[in-house]
>>> print(open('upload07.cif').read())   # mmCIF, C-alpha atoms
data_coords
loop_
_atom_site.group_PDB
_atom_site.id
_atom_site.type_symbol
_atom_site.label_atom_id
_atom_site.label_comp_id
_atom_site.auth_asym_id
_atom_site.auth_seq_id
_atom_site.Cartn_x
_atom_site.Cartn_y
_atom_site.Cartn_z
ATOM 1 C CA MET Z 770 -37.562 -19.843 -25.887
ATOM 2 C CA ALA Z 771 -35.447 -16.945 -24.620
ATOM 3 C CA ILE Z 772 -34.648 -15.958 -28.207
ATOM 4 C CA HIS Z 773 -38.354 -15.981 -29.120
ATOM 5 C CA LYS Z 774 -39.156 -13.763 -26.127
ATOM 6 C CA SER Z 775 -36.410 -11.320 -27.104
ATOM 7 C CA LEU Z 776 -37.658 -11.150 -30.687
ATOM 8 C CA PHE Z 777 -41.234 -10.621 -29.504
ATOM 9 C CA ALA Z 778 -40.144 -7.849 -27.152
ATOM 10 C CA SER Z 779 -38.148 -6.143 -29.935
ATOM 11 C CA LEU Z 780 -41.093 -6.316 -32.333
ATOM 12 C CA LEU Z 781 -43.409 -4.924 -29.662
ATOM 13 C CA ILE Z 782 -41.062 -1.998 -28.980
ATOM 14 C CA CYS Z 783 -40.786 -1.232 -32.704
ATOM 15 C CA LEU Z 784 -44.581 -1.381 -33.064
ATOM 16 C CA LEU Z 785 -45.117 1.002 -30.157
ATOM 17 C CA PHE Z 786 -42.475 3.343 -31.578
ATOM 18 C CA GLN Z 787 -44.165 3.379 -34.982
ATOM 19 C CA ILE Z 788 -47.564 4.031 -33.399
ATOM 20 C CA SER Z 789 -46.270 6.891 -31.255
ATOM 21 C CA HIS Z 790 -44.444 8.520 -34.175
ATOM 22 C CA GLY Z 791 -46.790 7.581 -36.992
ATOM 23 C CA ALA Z 792 -48.860 10.739 -36.772
ATOM 24 C CA THR Z 793 -45.770 12.918 -37.009
ATOM 25 C CA LYS Z 794 -44.402 11.002 -39.971
ATOM 26 C CA GLU Z 795 -47.669 11.430 -41.866
ATOM 27 C CA ARG Z 796 -47.565 15.216 -41.627
ATOM 28 C CA LEU Z 797 -47.003 16.680 -45.067
ATOM 29 C CA PHE Z 798 -45.873 20.229 -45.694
ATOM 30 C CA SER Z 799 -48.244 20.454 -48.663
ATOM 31 C CA GLU Z 800 -51.197 19.828 -46.331
ATOM 32 C CA LEU Z 801 -50.425 22.708 -43.976
ATOM 33 C CA GLU Z 802 -52.431 25.897 -44.230
ATOM 34 C CA LYS Z 803 -50.249 28.250 -46.236
ATOM 35 C CA GLY Z 804 -49.855 31.901 -45.245
ATOM 36 C CA ALA Z 805 -51.793 31.546 -41.997
ATOM 37 C CA LEU Z 806 -49.121 33.676 -40.325
ATOM 38 C CA GLU Z 807 -47.637 36.918 -41.593
ATOM 39 C CA VAL Z 808 -43.905 36.818 -40.905
ATOM 40 C CA THR Z 809 -41.194 39.448 -41.349
ATOM 41 C CA ALA Z 810 -37.449 39.259 -40.699
ATOM 42 C CA LYS Z 811 -35.501 42.518 -40.750
ATOM 43 C CA PRO Z 812 -31.672 42.294 -40.537
ATOM 44 C CA SER Z 813 -29.870 44.673 -38.179
ATOM 45 C CA ARG Z 814 -27.857 46.045 -41.106
ATOM 46 C CA GLU Z 815 -27.518 45.841 -44.875
ATOM 47 C CA GLY Z 816 -25.159 43.456 -46.619
ATOM 48 C CA VAL Z 817 -23.873 40.073 -45.466
ATOM 49 C CA LEU Z 818 -24.588 39.386 -41.796
ATOM 50 C CA ASP Z 819 -22.005 37.952 -39.403
ATOM 51 C CA ALA Z 820 -22.928 34.851 -37.397
ATOM 52 C CA GLY Z 821 -22.634 35.398 -33.672
ATOM 53 C CA ILE Z 822 -22.826 39.185 -34.047
ATOM 54 C CA ASP Z 823 -25.660 40.497 -36.199
ATOM 55 C CA LYS Z 824 -29.356 40.280 -35.397
ATOM 56 C CA LEU Z 825 -32.774 39.792 -36.962
ATOM 57 C CA SER Z 826 -35.901 41.611 -35.841
ATOM 58 C CA ILE Z 827 -38.623 39.014 -36.372
ATOM 59 C CA THR Z 828 -42.374 39.599 -36.213
ATOM 60 C CA TRP Z 829 -45.356 37.337 -36.768
ATOM 61 C CA LYS Z 830 -49.104 37.708 -36.524
ATOM 62 C CA LEU Z 831 -52.268 35.919 -37.553
ATOM 63 C CA SER Z 832 -53.255 36.416 -41.176
ATOM 64 C CA SER Z 833 -56.763 37.588 -41.987
ATOM 65 C CA THR Z 834 -57.099 34.528 -44.244
ATOM 66 C CA ALA Z 835 -56.253 31.933 -41.539
ATOM 67 C CA THR Z 836 -58.934 29.291 -40.999
ATOM 68 C CA LYS Z 837 -57.324 26.945 -38.439
ATOM 69 C CA GLU Z 838 -56.609 29.377 -35.620
ATOM 70 C CA ALA Z 839 -58.676 27.339 -33.177
ATOM 71 C CA GLU Z 840 -56.050 24.580 -33.400
ATOM 72 C CA PHE Z 841 -53.038 26.821 -32.702
ATOM 73 C CA THR Z 842 -51.340 26.313 -29.335
ATOM 74 C CA THR Z 843 -47.682 27.047 -30.083
ATOM 75 C CA ILE Z 844 -45.626 28.964 -32.626
ATOM 76 C CA LYS Z 845 -42.234 27.582 -33.651
ATOM 77 C CA VAL Z 846 -39.992 30.021 -35.509
ATOM 78 C CA LYS Z 847 -37.095 28.636 -37.540
ATOM 79 C CA LEU Z 848 -34.247 29.804 -39.766
ATOM 80 C CA CYS Z 849 -34.469 28.128 -43.180
ATOM 81 C CA TYR Z 850 -32.126 27.710 -46.139
ATOM 82 C CA ALA Z 851 -33.068 29.453 -49.373
ATOM 83 C CA PRO Z 852 -32.913 27.278 -52.534
ATOM 84 C CA VAL Z 853 -29.589 28.807 -53.618
ATOM 85 C CA SER Z 854 -27.972 27.420 -50.462
ATOM 86 C CA GLN Z 855 -29.448 23.947 -50.952
ATOM 87 C CA VAL Z 856 -27.861 23.212 -54.330
ATOM 88 C CA ASP Z 857 -25.618 20.096 -54.163
ATOM 89 C CA ARG Z 858 -26.241 19.880 -50.409
ATOM 90 C CA PRO Z 859 -28.548 16.900 -49.735
ATOM 91 C CA TRP Z 860 -28.224 17.476 -45.992
ATOM 92 C CA ARG Z 861 -30.250 20.685 -46.530
ATOM 93 C CA LYS Z 862 -32.843 19.103 -48.820
ATOM 94 C CA THR Z 863 -36.497 20.118 -48.716
ATOM 95 C CA GLU Z 864 -38.893 17.198 -48.198
ATOM 96 C CA ASN Z 865 -42.676 17.207 -48.214
ATOM 97 C CA GLU Z 866 -42.718 14.799 -45.261
ATOM 98 C CA LEU Z 867 -41.969 17.090 -42.361
ATOM 99 C CA PHE Z 868 -40.032 14.540 -40.308
ATOM 100 C CA LYS Z 869 -37.612 14.179 -43.246
ATOM 101 C CA ASP Z 870 -37.337 17.873 -44.104
ATOM 102 C CA LYS Z 871 -33.862 19.349 -43.615
ATOM 103 C CA SER Z 872 -34.461 22.865 -44.920
ATOM 104 C CA CYS Z 873 -35.205 24.507 -41.541
ATOM 105 C CA PRO Z 874 -32.803 22.993 -38.981
ATOM 106 C CA HIS Z 875 -32.078 26.139 -36.991
ATOM 107 C CA LYS Z 876 -34.532 26.830 -34.158
ATOM 108 C CA ILE Z 877 -35.054 30.487 -33.297
ATOM 109 C CA ILE Z 878 -37.808 30.488 -30.672
ATOM 110 C CA THR Z 879 -40.854 28.530 -29.507
ATOM 111 C CA ARG Z 880 -43.617 30.581 -27.958
ATOM 112 C CA ALA Z 881 -47.206 29.948 -26.850
ATOM 113 C CA TYR Z 882 -49.692 31.146 -29.454
ATOM 114 C CA ASP Z 883 -51.028 34.656 -28.940
ATOM 115 C CA LYS Z 884 -53.435 36.289 -31.342
ATOM 116 C CA SER Z 885 -51.794 39.675 -30.900
ATOM 117 C CA PRO Z 886 -48.758 40.549 -33.053
ATOM 118 C CA GLN Z 887 -45.514 39.103 -31.662
ATOM 119 C CA SER Z 888 -41.872 40.086 -32.071
ATOM 120 C CA PHE Z 889 -38.452 38.730 -31.168
ATOM 121 C CA GLU Z 890 -34.905 40.003 -31.625
ATOM 122 C CA TYR Z 891 -32.706 37.101 -32.614
ATOM 123 C CA THR Z 892 -28.907 37.140 -32.550
ATOM 124 C CA LEU Z 893 -27.582 34.795 -35.210
ATOM 125 C CA GLU Z 894 -26.056 31.773 -33.504
ATOM 126 C CA ARG Z 895 -22.292 31.309 -33.747
ATOM 127 C CA ASP Z 896 -22.698 27.914 -35.437
ATOM 128 C CA ILE Z 897 -24.883 29.174 -38.309
ATOM 129 C CA PRO Z 898 -23.213 28.099 -41.601
ATOM 130 C CA THR Z 899 -22.520 30.502 -44.458
ATOM 131 C CA GLY Z 900 -25.602 30.707 -46.643
ATOM 132 C CA THR Z 901 -28.742 32.527 -47.750
ATOM 133 C CA TYR Z 902 -31.775 32.284 -45.489
ATOM 134 C CA PHE Z 903 -35.359 33.234 -44.690
ATOM 135 C CA VAL Z 904 -37.533 32.799 -41.592
ATOM 136 C CA ARG Z 905 -40.542 30.487 -41.269
ATOM 137 C CA ALA Z 906 -43.053 30.207 -38.418
ATOM 138 C CA TYR Z 907 -45.073 27.034 -37.861
ATOM 139 C CA ALA Z 908 -48.365 27.004 -35.970
ATOM 140 C CA VAL Z 909 -48.534 23.805 -33.906
ATOM 141 C CA ASP Z 910 -51.540 22.124 -32.284
ATOM 142 C CA ALA Z 911 -51.929 20.504 -28.851
ATOM 143 C CA LYS Z 912 -50.473 17.234 -30.175
ATOM 144 C CA ASP Z 913 -47.323 19.053 -31.336
ATOM 145 C CA HIS Z 914 -48.336 18.649 -34.975
ATOM 146 C CA GLU Z 915 -47.769 21.444 -37.490
ATOM 147 C CA VAL Z 916 -51.067 22.673 -38.903
ATOM 148 C CA ALA Z 917 -50.158 25.962 -40.607
ATOM 149 C CA PHE Z 918 -47.230 28.228 -41.417
ATOM 150 C CA GLY Z 919 -46.089 31.590 -42.667
ATOM 151 C CA GLN Z 920 -42.699 32.773 -43.908
ATOM 152 C CA SER Z 921 -40.746 35.953 -44.544
ATOM 153 C CA THR Z 922 -40.349 35.187 -48.249
ATOM 154 C CA ASN Z 923 -42.660 34.378 -51.143
ATOM 155 C CA GLU Z 924 -43.777 30.889 -52.192
ATOM 156 C CA ALA Z 925 -40.792 30.532 -54.547
ATOM 157 C CA LYS Z 926 -38.463 31.551 -51.688
ATOM 158 C CA SER Z 927 -36.803 34.199 -53.827
ATOM 159 C CA THR Z 928 -37.640 37.497 -52.095
ATOM 160 C CA ASN Z 929 -36.651 39.105 -48.778
ATOM 161 C CA LEU Z 930 -33.699 36.778 -48.339
ATOM 162 C CA PHE Z 931 -30.562 37.582 -46.342
ATOM 163 C CA SER Z 932 -27.042 36.164 -46.370
ATOM 164 C CA VAL Z 933 -24.945 35.081 -43.399
ATOM 165 C CA GLN Z 934 -21.186 34.677 -43.157
ATOM 166 C CA ALA Z 935 -20.075 31.964 -40.741
ATOM 167 C CA ILE Z 936 -17.425 32.779 -38.159
ATOM 168 C CA SER Z 937 -13.923 31.812 -39.273
ATOM 169 C CA GLY Z 938 -12.974 30.187 -35.987
ATOM 170 C CA ARG Z 939 -10.354 32.875 -35.313
ATOM 171 C CA HIS Z 940 -10.884 35.832 -33.003
ATOM 172 C CA LYS Z 941 -9.414 39.292 -33.540
ATOM 173 C CA SER Z 942 -7.732 39.229 -30.135
ATOM 174 C CA LEU Z 943 -5.989 36.001 -31.096
ATOM 175 C CA ASP Z 944 -4.738 37.570 -34.319
ATOM 176 C CA ILE Z 945 -3.413 40.605 -32.418
ATOM 177 C CA ALA Z 946 -1.705 38.366 -29.868
ATOM 178 C CA SER Z 947 -0.153 36.331 -32.672
ATOM 179 C CA VAL Z 948 1.269 39.457 -34.344
ATOM 180 C CA CYS Z 949 2.652 40.764 -31.049
ATOM 181 C CA PHE Z 950 4.300 37.443 -30.316
ATOM 182 C CA SER Z 951 5.881 37.365 -33.780
ATOM 183 C CA VAL Z 952 7.275 40.889 -33.364
ATOM 184 C CA PHE Z 953 8.611 40.035 -29.901
ATOM 185 C CA SER Z 954 10.286 36.895 -31.272
ATOM 186 C CA VAL Z 955 12.030 38.846 -34.042
ATOM 187 C CA LEU Z 956 13.248 41.523 -31.593
ATOM 188 C CA ALA Z 957 14.495 38.881 -29.159
ATOM 189 C CA LEU Z 958 16.393 37.187 -31.981
ATOM 190 C CA LEU Z 959 18.031 40.489 -33.009
ATOM 191 C CA VAL Z 960 19.066 41.235 -29.412
ATOM 192 C CA PHE Z 961 20.569 37.764 -29.156
ATOM 193 C CA PHE Z 962 22.674 38.223 -32.324
ATOM 194 C CA VAL Z 963 23.828 41.679 -31.206
ATOM 195 C CA ASN Z 964 24.915 40.312 -27.835
ATOM 196 C CA GLU Z 965 26.715 37.398 -29.455
ATOM 197 C CA LYS Z 966 28.643 39.705 -31.796
ATOM 198 C CA ARG Z 967 29.492 41.956 -28.894
ATOM 199 C CA LYS Z 968 30.821 39.029 -26.897
ATOM 200 C CA ALA Z 969 32.876 37.859 -29.880
ATOM 201 C CA LYS Z 970 34.506 41.307 -30.258
ATOM 202 C CA ILE Z 971 35.338 41.404 -26.559
ATOM 203 C CA GLU Z 972 36.935 37.970 -26.763
ATOM 204 C CA GLN Z 973 38.994 39.026 -29.816
ATOM 205 C CA SER Z 974 40.223 42.212 -28.103
ATOM 206 C CA LYS Z 975 41.580 40.121 -25.272
#
>>> encode(input="upload07.cif", output="structure tokens")
Amino acid sequence: MAIHKSLFASLLICLLFQISHGATKERLFSELEKGALEVTAKPSREGVLDAGIDKLSITWKLSSTATKEAEFTTIKVKLCYAPVSQVDRPWRKTENELFKDKSCPHKIITRAYDKSPQSFEYTLERDIPTGTYFVRAYAVDAKDHEVAFGQSTNEAKSTNLFSVQAISGRHKSLDIASVCFSVFSVLALLVFFVNEKRKAKIEQSK
């Protein structure tokens, strides 16, 4: 009897979990309103950006073609991998089912929806991996479901991309300290040998 009660309780929990998450799981990227937000992402400098140092100036505003504005309550801005940085990396794979999608794992900012143009200066996080990226903004409704989006690149995700170099894990100050220590060690070793030779000569002269 106890086993039957445990099984029933487990099934009930699973059922409630499926019901509470079912709506989210059914959300498909292909069903979102495309281009409802106009998004730009301007790097702080040209060339490859350094994680933890360089910045992005991000803007977003409502597109004149948007039809679902009445449902917008929140804007979620994310950093997404470009196709070139997804090759042979299934952990970055794009999926149509939003709860499975792994292409935009890096959260930039979540902000209440405002019809007026918005902007945000984002410093690339220190844990951002090396890769090529773009920025996407999702418009979310009161149930926390994505209903529309806009992105800083074209539909093929081939324009207005930027590259990021991950931090190496070493800091310049550590490198300088390491060099100084090495030089000090060599000098100390030379002084030791000179003193030893000097002592040996003194002993011989006696």
>>> closest_residue(input="upload07.cif", among="Z:Glu894, Z:Glu924, Z:Glu915, Z:Asp857", to="Leu818 in chain Z", atoms="all atoms listed in the file")
Z:Glu894
>>> closest_residue(input="upload07.cif", among="Z:Leu825, Z:Pro874, Z:Ala935, Z:Pro859", to="Pro812 in chain Z", atoms="all atoms listed in the file")
Z:Leu825
>>> resolve_selection(input="upload07.cif", expression="the PyMOL selection byres ((chain Z and resi 879) around 6)", output="PyMOL selection string")
chain Z and resi 844-845+878+880
>>> residues_near_point(input="upload07.cif", point="(-53.0, 38.3, -36.0)", cutoff="10 Å", atoms="all atoms listed in the file", output="JSON list (two decimals) with C-alpha atoms, in the frame of the given file")
[["chain", "number", "residue", "atom", "x", "y", "z"],
["Z", 805, "ALA", "CA", -51.79, 31.55, -42.00],
["Z", 806, "LEU", "CA", -49.12, 33.68, -40.33],
["Z", 807, "GLU", "CA", -47.64, 36.92, -41.59],
["Z", 829, "TRP", "CA", -45.36, 37.34, -36.77],
["Z", 830, "LYS", "CA", -49.10, 37.71, -36.52],
["Z", 831, "LEU", "CA", -52.27, 35.92, -37.55],
["Z", 832, "SER", "CA", -53.26, 36.42, -41.18],
["Z", 833, "SER", "CA", -56.76, 37.59, -41.99],
["Z", 834, "THR", "CA", -57.10, 34.53, -44.24],
["Z", 835, "ALA", "CA", -56.25, 31.93, -41.54],
["Z", 838, "GLU", "CA", -56.61, 29.38, -35.62],
["Z", 883, "ASP", "CA", -51.03, 34.66, -28.94],
["Z", 884, "LYS", "CA", -53.44, 36.29, -31.34],
["Z", 885, "SER", "CA", -51.79, 39.67, -30.90],
["Z", 886, "PRO", "CA", -48.76, 40.55, -33.05],
["Z", 887, "GLN", "CA", -45.51, 39.10, -31.66]]
>>> resolve_selection(input="upload07.cif", expression="the PyMOL selection byres ((chain Z and resi 802) around 12)", output="list in words")
Leu797, Phe798, Ser799, Glu800, Leu801, Lys803, Gly804, Ala805, Leu806, Ser832, Thr834, Ala835, Thr836, Lys837, Glu838, Glu840, Phe841, Ala906, Tyr907, Ala908, Val909, Glu915, Val916, Ala917, Phe918, Gly919 and Gln920 of chain Z
>>> residues_around(input="upload07.cif", residues="Ser813 in chain Z", least_positions_apart="4", cutoff="10 Å", atoms="all atoms listed in the file", output="number ranges by chain")
Z: 818, 822-826, 890-892
>>> atom_distance(input="upload07.cif", atom1="CA of Val856 in chain Z", atom2="CA of Ile877 in chain Z")
23.4 Å
>>> closest_residue(input="upload07.cif", among="Z:Gln934, Z:Lys876, Z:Asn964, Z:Asp870", to="Pro898 in chain Z", atoms="only C-alpha atoms")
Z:Gln934
>>> closest_residue(input="upload07.cif", among="Z:Arg796, Z:Val904, Z:Asn929, Z:Asn923", to="Glu864 in chain Z", atoms="all atoms listed in the file")
Z:Arg796
